[in-house]
$ cat input-v7.tsv   # TSV, C-alpha atoms
chain	number	residue	atom	x	y	z
H	1	MET	CA	113.15	104.72	100.38
H	2	ARG	CA	111.26	104.64	103.68
H	3	ARG	CA	110.56	108.37	103.40
H	4	LEU	CA	107.36	108.15	105.44
H	5	HIS	CA	108.60	108.14	108.85
H	6	ALA	CA	109.37	104.28	108.77
H	7	CYS	CA	107.27	88.41	127.67
H	8	LEU	CA	106.74	85.41	125.62
H	9	SER	CA	106.05	82.47	127.96
H	10	ALA	CA	107.12	78.94	127.16
H	11	ALA	CA	103.47	77.90	126.97
H	12	ALA	CA	102.83	80.52	124.29
H	13	ALA	CA	105.87	79.69	122.17
H	14	VAL	CA	105.11	79.10	118.51
H	15	THR	CA	106.91	76.47	116.46
H	16	LEU	CA	106.42	76.45	112.70
H	17	ALA	CA	107.13	73.48	110.52
H	18	ALA	CA	108.84	75.64	107.93
H	19	ALA	CA	112.04	74.31	106.41
H	20	GLY	CA	115.23	75.76	107.77
H	21	THR	CA	113.72	77.51	110.77
H	22	THR	CA	115.31	77.39	114.19
H	23	ALA	CA	114.48	78.49	117.68
H	24	LEU	CA	116.82	79.69	120.39
H	25	VAL	CA	116.58	80.33	124.09
H	26	ALA	CA	118.17	83.36	125.66
H	27	GLY	CA	117.58	85.07	128.98
H	28	ASN	CA	117.66	88.85	128.99
H	29	ALA	CA	116.74	91.90	130.97
H	30	SER	CA	113.48	92.48	129.12
H	31	GLY	CA	112.00	89.20	130.27
H	32	ALA	CA	111.72	87.46	126.90
H	33	THR	CA	113.00	83.90	127.15
H	34	THR	CA	111.97	82.16	123.94
H	35	ALA	CA	112.43	83.19	120.32
H	36	LEU	CA	110.01	82.56	117.53
H	37	SER	CA	111.14	80.56	114.52
H	38	ASN	CA	113.32	82.38	112.01
H	39	ARG	CA	110.44	82.25	109.55
H	40	TRP	CA	108.52	84.73	111.69
H	41	TYR	CA	111.39	87.23	111.85
H	42	ALA	CA	111.68	86.84	108.07
H	43	ALA	CA	108.01	87.81	107.75
H	44	ALA	CA	107.92	90.72	110.23
H	45	PRO	CA	106.46	93.91	108.65
H	46	TYR	CA	107.82	97.30	109.68
H	47	LEU	CA	106.08	99.25	112.44
H	48	MET	CA	107.02	102.71	113.65
H	49	PRO	CA	106.10	102.55	117.35
H	50	LEU	CA	106.53	106.28	118.02
H	51	ASP	CA	105.54	108.00	114.73
H	52	ASN	CA	102.97	107.93	111.92
H	53	ASP	CA	99.96	107.34	114.18
H	54	PRO	CA	101.14	103.95	115.51
H	55	PRO	CA	98.41	101.29	115.34
H	56	ASP	CA	97.78	98.94	118.25
H	57	ALA	CA	100.05	95.94	117.79
H	58	GLY	CA	97.81	93.68	119.84
H	59	ALA	CA	94.81	94.50	117.65
H	60	ILE	CA	96.83	93.67	114.53
H	61	MET	CA	97.82	90.31	116.05
H	62	ASP	CA	94.22	89.47	116.90
H	63	ALA	CA	92.88	90.44	113.47
H	64	SER	CA	95.60	89.01	111.23
H	65	GLY	CA	97.41	86.25	113.09
H	66	LEU	CA	100.67	88.21	112.86
H	67	LYS	CA	103.24	87.46	115.58
H	68	ALA	CA	106.41	89.36	114.60
H	69	PHE	CA	107.04	93.08	114.09
H	70	GLN	CA	110.02	94.98	112.65
H	71	LEU	CA	110.29	98.09	114.83
H	72	ALA	CA	111.84	101.13	113.10
H	73	PHE	CA	114.25	102.92	113.32
H	74	ILE	CA	117.36	103.00	115.52
H	75	LEU	CA	119.51	106.04	114.63
H	76	ALA	CA	122.36	108.12	116.02
H	77	PRO	CA	121.30	111.10	118.18
H	78	ASN	CA	120.33	114.16	116.15
H	79	GLY	CA	122.73	116.21	118.24
H	80	GLY	CA	125.65	113.89	117.54
H	81	GLY	CA	127.20	110.93	119.29
H	82	CYS	CA	127.53	107.15	119.02
H	83	SER	CA	124.57	105.89	121.05
H	84	PRO	CA	121.29	104.32	119.92
H	85	THR	CA	118.08	106.34	119.79
H	86	TRP	CA	114.62	105.87	118.35
H	87	GLY	CA	114.37	108.23	115.39
H	88	GLY	CA	117.34	110.32	116.52
H	89	THR	CA	115.48	111.79	119.50
H	90	ALA	CA	114.55	109.13	122.09
H	91	PRO	CA	117.56	107.39	123.72
H	92	VAL	CA	117.25	103.62	123.93
H	93	SER	CA	118.91	103.70	127.35
H	94	SER	CA	116.04	105.65	128.93
H	95	ASP	CA	113.21	104.34	126.75
H	96	THR	CA	109.86	103.88	128.44
H	97	ALA	CA	107.67	104.19	125.33
H	98	VAL	CA	108.78	101.36	123.03
H	99	GLN	CA	109.30	98.80	125.79
H	100	PRO	CA	105.55	98.61	126.61
H	101	VAL	CA	104.81	97.95	122.93
H	102	ILE	CA	107.29	95.07	122.97
H	103	ASN	CA	105.85	93.75	126.22
H	104	THR	CA	102.34	93.75	124.74
H	105	ILE	CA	103.49	91.83	121.67
H	106	ARG	CA	105.38	89.26	123.73
H	107	ALA	CA	102.55	88.81	126.19
H	108	LYS	CA	100.39	87.73	123.22
H	109	GLY	CA	102.94	85.15	122.04
H	110	GLY	CA	104.83	87.32	119.57
H	111	ASP	CA	108.20	89.00	119.32
H	112	VAL	CA	110.01	91.87	117.62
H	113	SER	CA	113.03	92.58	115.50
H	114	VAL	CA	114.53	96.06	115.46
H	115	SER	CA	115.56	97.88	112.29
H	116	ILE	CA	118.46	100.29	112.17
H	117	GLY	CA	118.98	102.96	109.52
H	118	GLY	CA	116.21	103.72	107.06
H	119	TYR	CA	116.00	106.73	104.76
H	120	GLY	CA	116.24	109.74	107.07
H	121	GLY	CA	118.40	110.86	109.96
H	122	THR	CA	122.02	110.13	110.87
H	123	LYS	CA	122.97	106.48	111.07
H	124	LEU	CA	125.25	105.03	113.72
H	125	GLY	CA	127.59	103.78	111.01
H	126	GLN	CA	128.11	107.42	110.06
H	127	ALA	CA	128.46	108.69	113.63
H	128	CYS	CA	130.59	105.97	115.23
H	129	SER	CA	134.34	105.78	114.65
H	130	ASP	CA	134.63	102.12	113.67
H	131	ALA	CA	132.79	98.81	113.42
H	132	ALA	CA	133.43	97.90	117.05
H	133	SER	CA	131.90	101.08	118.46
H	134	THR	CA	128.99	100.79	116.01
H	135	ALA	CA	128.36	97.23	117.17
H	136	ALA	CA	128.58	98.29	120.82
H	137	ALA	CA	125.85	100.87	120.21
H	138	TYR	CA	123.54	98.30	118.62
H	139	GLN	CA	124.34	95.81	121.35
H	140	GLN	CA	122.76	98.21	123.84
H	141	ALA	CA	119.43	97.78	122.03
H	142	ILE	CA	119.86	93.99	121.73
H	143	THR	CA	120.55	93.70	125.44
H	144	LYS	CA	117.86	96.11	126.61
H	145	TYR	CA	115.09	94.53	124.58
H	146	GLY	CA	116.36	90.94	124.56
H	147	LEU	CA	116.37	90.87	120.77
H	148	HIS	CA	116.56	87.68	118.74
H	149	ALA	CA	116.60	89.52	115.39
H	150	ILE	CA	117.92	92.76	113.90
H	151	ASP	CA	117.64	94.41	110.49
H	152	PHE	CA	120.27	96.64	108.86
H	153	ASP	CA	118.39	98.99	106.52
H	154	LEU	CA	121.26	100.40	104.44
H	155	GLU	CA	120.13	102.93	101.85
H	156	GLU	CA	120.47	106.55	100.76
H	157	PRO	CA	122.36	108.52	101.74
H	158	GLU	CA	124.35	106.25	104.08
H	159	TYR	CA	125.16	103.56	101.54
H	160	GLU	CA	126.97	106.16	99.45
H	161	ASN	CA	129.43	106.57	102.37
H	162	THR	CA	132.09	103.86	102.08
H	163	ALA	CA	133.33	104.23	105.65
H	164	ALA	CA	129.81	104.14	107.07
H	165	ILE	CA	128.95	100.95	105.19
H	166	ARG	CA	132.22	99.38	106.34
H	167	ASN	CA	131.19	100.19	109.92
H	168	GLU	CA	127.66	98.83	109.47
H	169	ILE	CA	128.72	95.56	107.84
H	170	GLY	CA	131.51	95.13	110.37
H	171	ALA	CA	129.05	95.77	113.20
H	172	ALA	CA	126.58	93.25	111.77
H	173	LYS	CA	129.33	90.63	111.66
H	174	ILE	CA	130.35	91.35	115.28
H	175	LEU	CA	126.76	91.16	116.50
H	176	GLN	CA	126.23	87.91	114.63
H	177	GLN	CA	129.29	86.43	116.34
H	178	ASN	CA	128.52	87.77	119.82
H	179	ASN	CA	124.82	86.84	119.84
H	180	PRO	CA	124.54	83.19	118.75
H	181	GLY	CA	121.34	82.52	116.83
H	182	LEU	CA	120.67	86.22	116.13
H	183	TYR	CA	118.63	86.58	112.94
H	184	VAL	CA	120.27	89.27	110.79
H	185	SER	CA	118.75	90.79	107.66
H	186	VAL	CA	120.32	93.46	105.46
H	187	THR	CA	117.89	95.60	103.46
H	188	THR	CA	118.86	97.92	100.61
H	189	ALA	CA	117.42	99.75	97.62
H	190	GLY	CA	115.98	97.88	94.66
H	191	THR	CA	116.31	98.76	90.98
H	192	ALA	CA	115.08	97.13	87.79
H	193	ASP	CA	118.51	95.49	87.56
H	194	GLY	CA	118.21	94.16	91.12
H	195	THR	CA	120.11	96.82	93.01
H	196	GLY	CA	122.19	99.82	92.00
H	197	TRP	CA	125.91	100.55	92.11
H	198	PHE	CA	125.97	101.39	95.83
H	199	GLY	CA	123.97	98.28	96.67
H	200	LYS	CA	126.48	96.17	94.78
H	201	GLN	CA	129.34	97.90	96.60
H	202	MET	CA	127.66	97.01	99.89
H	203	LEU	CA	127.53	93.36	98.84
H	204	LEU	CA	131.21	93.46	97.92
H	205	GLU	CA	131.98	94.95	101.35
H	206	ALA	CA	130.14	92.05	102.98
H	207	LYS	CA	132.08	89.60	100.85
H	208	SER	CA	135.41	91.22	101.72
H	209	GLN	CA	134.60	91.00	105.44
H	210	GLY	CA	133.42	87.39	105.18
H	211	PHE	CA	129.97	88.34	106.44
H	212	THR	CA	126.85	86.39	105.44
H	213	PRO	CA	123.53	87.46	107.01
H	214	ASN	CA	120.37	85.40	106.93
H	215	ASN	CA	119.40	87.42	103.88
H	216	PHE	CA	120.05	90.42	101.70
H	217	SER	CA	116.68	92.02	100.91
H	218	ILE	CA	115.88	94.60	98.24
H	219	MET	CA	113.08	97.18	98.20
H	220	PRO	CA	111.67	97.15	94.65
H	221	PHE	CA	109.68	100.38	94.85
H	222	ASP	CA	110.38	104.11	94.35
H	223	GLY	CA	112.42	103.27	91.26
H	224	GLY	CA	110.08	103.23	88.28
H	225	PHE	CA	108.34	99.98	89.24
H	226	ASN	CA	104.83	99.16	88.11
H	227	GLY	CA	103.18	96.28	89.92
H	228	ALA	CA	104.31	92.77	90.76
H	229	ALA	CA	105.81	91.79	87.40
H	230	SER	CA	108.44	94.51	87.64
H	231	GLN	CA	109.20	93.47	91.23
H	232	THR	CA	109.65	89.77	90.51
H	233	SER	CA	111.86	90.70	87.56
H	234	ALA	CA	114.05	92.75	89.91
H	235	LEU	CA	114.19	89.84	92.37
H	236	THR	CA	115.33	87.53	89.57
H	237	ASN	CA	118.03	90.01	88.59
H	238	PHE	CA	119.10	90.44	92.20
H	239	ASN	CA	119.44	86.69	92.50
H	240	SER	CA	121.94	86.77	89.65
H	241	ILE	CA	123.87	89.52	91.44
H	242	LEU	CA	124.05	87.41	94.61
H	243	GLN	CA	125.26	84.44	92.58
H	244	SER	CA	128.01	86.39	90.84
H	245	THR	CA	129.11	88.24	93.99
H	246	PHE	CA	129.32	85.32	96.41
H	247	GLY	CA	129.79	82.40	94.04
H	248	TRP	CA	126.49	80.83	95.10
H	249	ASP	CA	124.30	78.64	92.93
H	250	GLN	CA	120.79	79.85	92.20
H	251	ALA	CA	119.11	77.96	95.05
H	252	THR	CA	121.64	79.16	97.62
H	253	ALA	CA	121.21	82.73	96.42
H	254	TYR	CA	117.42	82.51	96.78
H	255	ALA	CA	117.88	81.05	100.29
H	256	HIS	CA	119.74	84.28	101.15
H	257	GLU	CA	117.41	86.67	99.31
H	258	GLY	CA	114.54	88.76	100.62
H	259	PHE	CA	111.77	91.09	99.46
H	260	SER	CA	110.74	94.27	101.24
H	261	GLY	CA	107.79	95.92	99.52
H	262	MET	CA	105.66	99.01	100.04
H	263	ASN	CA	101.94	98.49	100.40
H	264	GLY	CA	99.60	100.73	98.45
H	265	ARG	CA	100.89	103.97	96.92
H	266	SER	CA	104.66	104.44	97.03
H	267	ASP	CA	106.58	107.68	97.52
H	268	THR	CA	106.84	108.13	93.75
H	269	GLY	CA	103.21	107.29	92.96
H	270	GLU	CA	103.58	103.61	92.09
H	271	TYR	CA	100.68	101.40	93.21
H	272	PHE	CA	101.05	97.96	94.78
H	273	THR	CA	97.76	96.23	95.56
H	274	GLN	CA	96.81	93.09	97.43
H	275	ALA	CA	96.97	91.20	94.13
H	276	ASP	CA	100.55	92.39	93.60
H	277	PHE	CA	101.51	91.22	97.08
H	278	GLN	CA	100.02	87.79	96.38
H	279	THR	CA	101.99	87.49	93.14
H	280	VAL	CA	105.27	88.40	94.82
H	281	LEU	CA	104.46	86.09	97.73
H	282	ASP	CA	103.92	83.21	95.29
H	283	TYR	CA	107.28	84.03	93.69
H	284	ALA	CA	109.04	84.19	97.07
H	285	THR	CA	107.64	80.90	98.33
H	286	SER	CA	108.10	79.03	95.05
H	287	HIS	CA	111.77	80.08	94.96
H	288	ASN	CA	112.31	79.35	98.67
H	289	MET	CA	113.32	82.94	99.42
H	290	ASP	CA	114.28	83.76	102.99
H	291	ARG	CA	112.27	86.93	103.64
H	292	PHE	CA	109.01	88.66	102.74
H	293	THR	CA	108.19	91.93	104.49
H	294	PHE	CA	106.82	95.39	103.75
H	295	TRP	CA	106.75	99.06	104.73
H	296	SER	CA	104.61	99.49	106.74
H	297	LEU	CA	101.95	98.45	109.25
H	298	ASN	CA	101.33	102.13	109.99
H	299	ARG	CA	100.08	102.32	106.39
H	300	ASP	CA	98.14	99.02	106.40
H	301	ARG	CA	94.70	100.63	106.61
H	302	GLN	CA	92.46	102.53	104.24
H	303	CYS	CA	92.69	106.29	104.11
H	304	THR	CA	89.71	108.39	105.08
H	305	PRO	CA	88.01	110.14	102.15
H	306	ALA	CA	89.59	113.43	103.19
H	307	ASP	CA	93.06	111.85	103.26
H	308	ASN	CA	92.84	109.76	100.10
H	309	GLY	CA	93.44	112.35	97.44
H	310	GLY	CA	95.97	110.49	95.33
H	311	ARG	CA	98.92	111.18	97.61
H	312	THR	CA	101.25	108.97	99.60
H	313	SER	CA	100.59	108.85	103.32
H	314	GLY	CA	102.59	107.53	106.26
H	315	THR	CA	99.41	106.45	108.03
H	316	CYS	CA	97.32	104.77	105.32
H	317	SER	CA	97.82	102.98	102.00
H	318	SER	CA	95.83	105.11	99.52
H	319	VAL	CA	94.31	101.92	98.08
H	320	THR	CA	90.98	100.26	98.84
H	321	GLN	CA	91.47	97.74	101.63
H	322	ASN	CA	90.40	96.33	104.95
H	323	SER	CA	92.68	97.07	107.88
H	324	TRP	CA	95.69	94.72	108.01
H	325	ASP	CA	95.07	93.19	104.57
H	326	PHE	CA	98.77	93.39	103.74
H	327	ALA	CA	99.88	91.96	107.10
H	328	LYS	CA	98.11	88.76	106.19
H	329	TYR	CA	100.59	88.13	103.36
H	330	SER	CA	103.41	88.19	105.91
H	331	VAL	CA	101.43	85.69	108.00
H	332	LYS	CA	101.07	83.44	104.96
H	333	PHE	CA	104.82	83.63	104.35
H	334	ALA	CA	105.47	82.60	107.95
H	335	GLY	CA	103.43	79.47	107.32
H	336	VAL	CA	100.16	80.21	109.07
H	337	THR	CA	96.78	80.78	107.42
H	338	PRO	CA	95.43	84.16	108.58
H	339	PRO	CA	91.83	84.86	109.58
H	340	THR	CA	89.56	85.27	106.57
H	341	SER	CA	88.05	88.59	105.55
H	342	PRO	CA	85.92	89.76	102.62
H	343	PRO	CA	87.88	90.38	99.41
H	344	THR	CA	88.58	94.00	98.59
H	345	PRO	CA	88.67	95.57	95.14
H	346	THR	CA	91.90	97.01	93.82
H	347	PRO	CA	92.00	100.70	92.88
H	348	THR	CA	92.53	102.21	89.49
H	349	PRO	CA	95.12	105.00	89.80
H	350	THR	CA	94.18	108.30	88.21
H	351	PRO	CA	96.77	109.02	85.51
H	352	THR	CA	98.61	112.33	85.54
H	353	PRO	CA	97.96	114.22	82.29
H	354	PRO	CA	101.09	114.84	80.22
H	355	SER	CA	102.44	118.37	80.45
H	356	ALA	CA	105.48	118.40	78.18
H	357	THR	CA	107.32	116.66	75.36
H	358	CYS	CA	109.49	113.78	76.61
H	359	LYS	CA	113.24	114.36	76.62
H	360	THR	CA	115.76	111.79	75.40
H	361	ALA	CA	115.24	108.49	77.21
H	362	TRP	CA	117.39	107.79	80.28
H	363	SER	CA	120.19	105.27	79.74
H	364	SER	CA	121.81	103.17	82.46
H	365	SER	CA	125.19	103.39	80.72
H	366	ALA	CA	125.23	107.15	80.15
H	367	VAL	CA	126.94	109.64	82.46
H	368	TYR	CA	124.86	112.68	83.43
H	369	VAL	CA	125.89	115.93	85.08
H	370	GLY	CA	123.86	118.62	86.83
H	371	GLY	CA	121.28	120.15	84.51
H	372	ASP	CA	121.06	117.23	82.07
H	373	GLU	CA	117.48	116.26	81.24
H	374	VAL	CA	116.08	112.82	80.40
H	375	SER	CA	112.75	111.04	80.25
H	376	TYR	CA	111.87	107.90	82.19
H	377	ASN	CA	108.57	106.19	82.96
H	378	LYS	CA	106.64	108.95	81.12
H	379	HIS	CA	108.18	111.72	83.23
H	380	ASN	CA	110.95	114.22	82.48
H	381	TRP	CA	113.82	114.38	84.98
H	382	LYS	CA	116.70	116.83	85.57
H	383	ALA	CA	120.02	115.68	87.05
H	384	LYS	CA	121.03	117.51	90.25
H	385	TRP	CA	124.65	116.36	90.03
H	386	TRP	CA	126.88	113.74	88.40
H	387	THR	CA	125.16	110.37	88.19
H	388	GLN	CA	125.35	107.08	86.32
H	389	ASN	CA	123.09	104.01	86.45
H	390	GLU	CA	120.77	105.50	89.07
H	391	VAL	CA	117.16	105.11	87.94
H	392	PRO	CA	115.31	108.46	87.96
H	393	SER	CA	112.96	108.63	90.93
H	394	ALA	CA	111.54	111.39	93.12
H	395	VAL	CA	113.72	110.67	96.14
H	396	GLU	CA	114.54	113.74	98.20
H	397	TRP	CA	118.27	113.04	98.43
H	398	GLY	CA	118.56	111.28	95.08
H	399	PRO	CA	120.28	112.68	91.99
H	400	TRP	CA	117.10	113.37	89.98
H	401	GLN	CA	114.46	116.10	90.09
H	402	ASP	CA	111.03	115.18	88.72
H	403	GLU	CA	109.91	117.76	86.13
H	404	GLY	CA	106.46	116.24	85.64
H	405	ALA	CA	104.65	113.96	83.23
H	406	CYS	CA	105.46	114.00	79.53
$ encode --input "input-v7.tsv" --output "structure tokens"
Amino acid sequence: MRRLHACLSAAAAVTLAAAGTTALVAGNASGATTALSNRWYAAAPYLMPLDNDPPDAGAIMDASGLKAFQLAFILAPNGGGCSPTWGGTAPVSSDTAVQPVINTIRAKGGDVSVSIGGYGGTKLGQACSDAASTAAAYQQAITKYGLHAIDFDLEEPEYENTAAIRNEIGAAKILQQNNPGLYVSVTTAGTADGTGWFGKQMLLEAKSQGFTPNNFSIMPFDGGFNGAASQTSALTNFNSILQSTFGWDQATAYAHEGFSGMNGRSDTGEYFTQADFQTVLDYATSHNMDRFTFWSLNRDRQCTPADNGGRTSGTCSSVTQNSWDFAKYSVKFAGVTPPTSPPTPTPTPTPTPPSATCKTAWSSSAVYVGGDEVSYNKHNWKAKWWTQNEVPSAVEWGPWQDEGAC
């Protein structure tokens, strides 16, 4: 997923009357002294501050009422090493580009969380030798920016690396212990069943280490999804996985569950409109889920006619919308009514004409090897290598190659 690279004064502090939210006070080098409620960090949409034509965070805050942003992504250096960088190229230690963005947000009464990982690049869990050194790298970012929240975005290809996931989960546990009150989310891939084999292995690693974050969030997109109904079904299934893994009852599992969507057209051509976001938001709030976010604010604006040709963009949604329409659903989740704006129609995707006869349907229980062909979601797919129970989707590093509509 995420292929499209994705000082607060005391007088301005915001307190929400949302159940289970807390505030903490922590002095730090960046000048931030007061955290927002947890509900805001749970609602923070992703923003790439250095890539994908970054929008002005202050303008988004003014137009939508948003106060929290999930800045993406912290990675290992492209040239190797165990130190935090933005996108693999800009060292956190010498950063002068992201800090002003954070300062602007905090000056307007908001705050940020920082996301590590994502789809591309080398992750610190892969580059560092153990959990302690991985945690030390992330701690540099926490200290520099005075963070009250952090997100571990664990997905392909890192979550297929057992040692890397052990380092990431171990680091998350260390950071949670060493930074009292730190809001920690763990985000991973979503499937129709909730999450796939590697996602379940990640949950088992967390269980074995005795680590419980504020939430485990899934990304129900880029996996054969079709609108909100398929997403809420995946969230229901993921809740069952959390129950069986950790021995939680249903309510406790929902209190530790999150949703991370993709606004507009996804990498694989799925469409998620404002109406879909409202449906999932209703599901999340009615089940008392802990998190509702999306990828990304860089995409939360309508494409220009020249850029809206039925493709997925990192800088616009490819659906009909007003700017920051999708951010307002995060604001609603945080417990604040956003500014009103005229309703916008939802688009009708142009179907791809079939080009071939469909192969035998994909089965979650079957084992496939390189060259095997299946059909799924009205497309034919060819396996690149051995795979089982991985839903066919056009992910660059995934096991399936899209052969077109059938």
$ residues_near_point --input "input-v7.tsv" --point "(94.8, 94.8, 105.6)" --cutoff "10 Å" --atoms "all atoms listed in the file" --output "PyMOL selection string"
chain H and resi 60+63-64+263+274+297+299-302+317+320-329+341+344
$ write_last_selection --input "input-v7.tsv" --atoms "C-alpha atoms" --output "PDB file, keeping the file's coordinate frame"
ATOM      1  CA  ILE H  60      96.830  93.670 114.530  1.00  0.00           C
ATOM      2  CA  ALA H  63      92.880  90.440 113.470  1.00  0.00           C
ATOM      3  CA  SER H  64      95.600  89.010 111.230  1.00  0.00           C
ATOM      4  CA  ASN H 263     101.940  98.490 100.400  1.00  0.00           C
ATOM      5  CA  GLN H 274      96.810  93.090  97.430  1.00  0.00           C
ATOM      6  CA  LEU H 297     101.950  98.450 109.250  1.00  0.00           C
ATOM      7  CA  ARG H 299     100.080 102.320 106.390  1.00  0.00           C
ATOM      8  CA  ASP H 300      98.140  99.020 106.400  1.00  0.00           C
ATOM      9  CA  ARG H 301      94.700 100.630 106.610  1.00  0.00           C
ATOM     10  CA  GLN H 302      92.460 102.530 104.240  1.00  0.00           C
ATOM     11  CA  SER H 317      97.820 102.980 102.000  1.00  0.00           C
ATOM     12  CA  THR H 320      90.980 100.260  98.840  1.00  0.00           C
ATOM     13  CA  GLN H 321      91.470  97.740 101.630  1.00  0.00           C
ATOM     14  CA  ASN H 322      90.400  96.330 104.950  1.00  0.00           C
ATOM     15  CA  SER H 323      92.680  97.070 107.880  1.00  0.00           C
ATOM     16  CA  TRP H 324      95.690  94.720 108.010  1.00  0.00           C
ATOM     17  CA  ASP H 325      95.070  93.190 104.570  1.00  0.00           C
ATOM     18  CA  PHE H 326      98.770  93.390 103.740  1.00  0.00           C
ATOM     19  CA  ALA H 327      99.880  91.960 107.100  1.00  0.00           C
ATOM     20  CA  LYS H 328      98.110  88.760 106.190  1.00  0.00           C
ATOM     21  CA  TYR H 329     100.590  88.130 103.360  1.00  0.00           C
ATOM     22  CA  SER H 341      88.050  88.590 105.550  1.00  0.00           C
ATOM     23  CA  THR H 344      88.580  94.000  98.590  1.00  0.00           C
TER      24      THR H 344
END
$ residues_around --input "input-v7.tsv" --residues "H:Leu204" --least-positions-apart "6" --cutoff "12 Å" --atoms "only C-alpha atoms" --output "PyMOL selection string"
chain H and resi 162+165-166+169+197-198+210-212+241-242+244-247
$ residues_around --input "input-v7.tsv" --residues "H:Ile116" --least-positions-apart "4" --cutoff "9 Å" --atoms "all atoms listed in the file" --output "number ranges by chain"
H: 71-75, 123-124, 138, 150-154
$ write_last_selection --input "input-v7.tsv" --atoms "C-alpha atoms" --output "short mmCIF file (atom, residue, chain, number, x, y, z; two decimals), keeping the file's coordinate frame"
data_model
loop_
_atom_site.label_atom_id
_atom_site.label_comp_id
_atom_site.auth_asym_id
_atom_site.auth_seq_id
_atom_site.Cartn_x
_atom_site.Cartn_y
_atom_site.Cartn_z
CA LEU H 71 110.29 98.09 114.83
CA ALA H 72 111.84 101.13 113.10
CA PHE H 73 114.25 102.92 113.32
CA ILE H 74 117.36 103.00 115.52
CA LEU H 75 119.51 106.04 114.63
CA LYS H 123 122.97 106.48 111.07
CA LEU H 124 125.25 105.03 113.72
CA TYR H 138 123.54 98.30 118.62
CA ILE H 150 117.92 92.76 113.90
CA ASP H 151 117.64 94.41 110.49
CA PHE H 152 120.27 96.64 108.86
CA ASP H 153 118.39 98.99 106.52
CA LEU H 154 121.26 100.40 104.44
#
$ atom_distance --input "input-v7.tsv" --atom1 "atom CA of H:Ala97" --atom2 "atom CA of H:Ser296"
19.4 Å
$ residues_around --input "input-v7.tsv" --residues "H:Asp372" --least-positions-apart "2" --cutoff "12 Å" --atoms "only C-alpha atoms" --output "list in words"
Lys359, Thr360, Ala361, Trp362, Ala366, Val367, Tyr368, Val369, Gly370, Val374, Ser375, Asn380, Trp381, Lys382, Ala383, Lys384, Trp385, Trp386, Thr387, Gln388, Pro399, Trp400, Gln401 and Glu403 of chain H
$ closest_residue --input "input-v7.tsv" --among "H:Asp111, H:Gly190, H:Leu47, H:Gln140" --to "H:Pro91" --atoms "all atoms listed in the file"
H:Gln140
$ closest_residue --input "input-v7.tsv" --among "H:Ala172, H:Ala149, H:Ile102, H:Ala59" --to "H:Ala131" --atoms "all atoms listed in the file"
H:Ala172
$ closest_residue --input "input-v7.tsv" --among "H:Thr285, H:Thr191, H:Thr268, H:Gln231" --to "H:Asn389" --atoms "all atoms listed in the file"
H:Thr191
$ closest_residue --input "input-v7.tsv" --among "H:Thr195, H:Thr96, H:Thr312, H:Ser318" --to "H:Tyr145" --atoms "all atoms listed in the file"
H:Thr96
$ closest_residue --input "input-v7.tsv" --among "H:Ala44, H:Leu203, H:Met219, H:Val184" --to "H:Gly118" --atoms "only C-alpha atoms"
H:Met219
$ residues_around --input "input-v7.tsv" --residues "H:Asp193" --least-positions-apart "2" --cutoff "12 Å" --atoms "only C-alpha atoms" --output "list in words"
Ala189, Gly190, Thr191, Thr195, Gly196, Trp197, Gly199, Lys200, Ile218, Pro220, Gly223, Gly224, Phe225, Ser230, Gln231, Thr232, Ser233, Ala234, Leu235, Thr236, Asn237, Phe238, Asn239, Ser240, Ile241, Ser364, Asn389, Glu390 and Val391 of chain H
$ write_last_selection --input "input-v7.tsv" --atoms "C-alpha atoms" --output "mmCIF file, in the frame of the given file"
data_model
loop_
_atom_site.group_PDB
_atom_site.id
_atom_site.type_symbol
_atom_site.label_atom_id
_atom_site.label_comp_id
_atom_site.auth_asym_id
_atom_site.auth_seq_id
_atom_site.Cartn_x
_atom_site.Cartn_y
_atom_site.Cartn_z
ATOM 1 C CA ALA H 189 117.420 99.750 97.620
ATOM 2 C CA GLY H 190 115.980 97.880 94.660
ATOM 3 C CA THR H 191 116.310 98.760 90.980
ATOM 4 C CA THR H 195 120.110 96.820 93.010
ATOM 5 C CA GLY H 196 122.190 99.820 92.000
ATOM 6 C CA TRP H 197 125.910 100.550 92.110
ATOM 7 C CA GLY H 199 123.970 98.280 96.670
ATOM 8 C CA LYS H 200 126.480 96.170 94.780
ATOM 9 C CA ILE H 218 115.880 94.600 98.240
ATOM 10 C CA PRO H 220 111.670 97.150 94.650
ATOM 11 C CA GLY H 223 112.420 103.270 91.260
ATOM 12 C CA GLY H 224 110.080 103.230 88.280
ATOM 13 C CA PHE H 225 108.340 99.980 89.240
ATOM 14 C CA SER H 230 108.440 94.510 87.640
ATOM 15 C CA GLN H 231 109.200 93.470 91.230
ATOM 16 C CA THR H 232 109.650 89.770 90.510
ATOM 17 C CA SER H 233 111.860 90.700 87.560
ATOM 18 C CA ALA H 234 114.050 92.750 89.910
ATOM 19 C CA LEU H 235 114.190 89.840 92.370
ATOM 20 C CA THR H 236 115.330 87.530 89.570
ATOM 21 C CA ASN H 237 118.030 90.010 88.590
ATOM 22 C CA PHE H 238 119.100 90.440 92.200
ATOM 23 C CA ASN H 239 119.440 86.690 92.500
ATOM 24 C CA SER H 240 121.940 86.770 89.650
ATOM 25 C CA ILE H 241 123.870 89.520 91.440
ATOM 26 C CA SER H 364 121.810 103.170 82.460
ATOM 27 C CA ASN H 389 123.090 104.010 86.450
ATOM 28 C CA GLU H 390 120.770 105.500 89.070
ATOM 29 C CA VAL H 391 117.160 105.110 87.940
#
$ atom_distance --input "input-v7.tsv" --atom1 "atom CA of H:Asp56" --atom2 "atom CA of H:Ser313"
18.1 Å
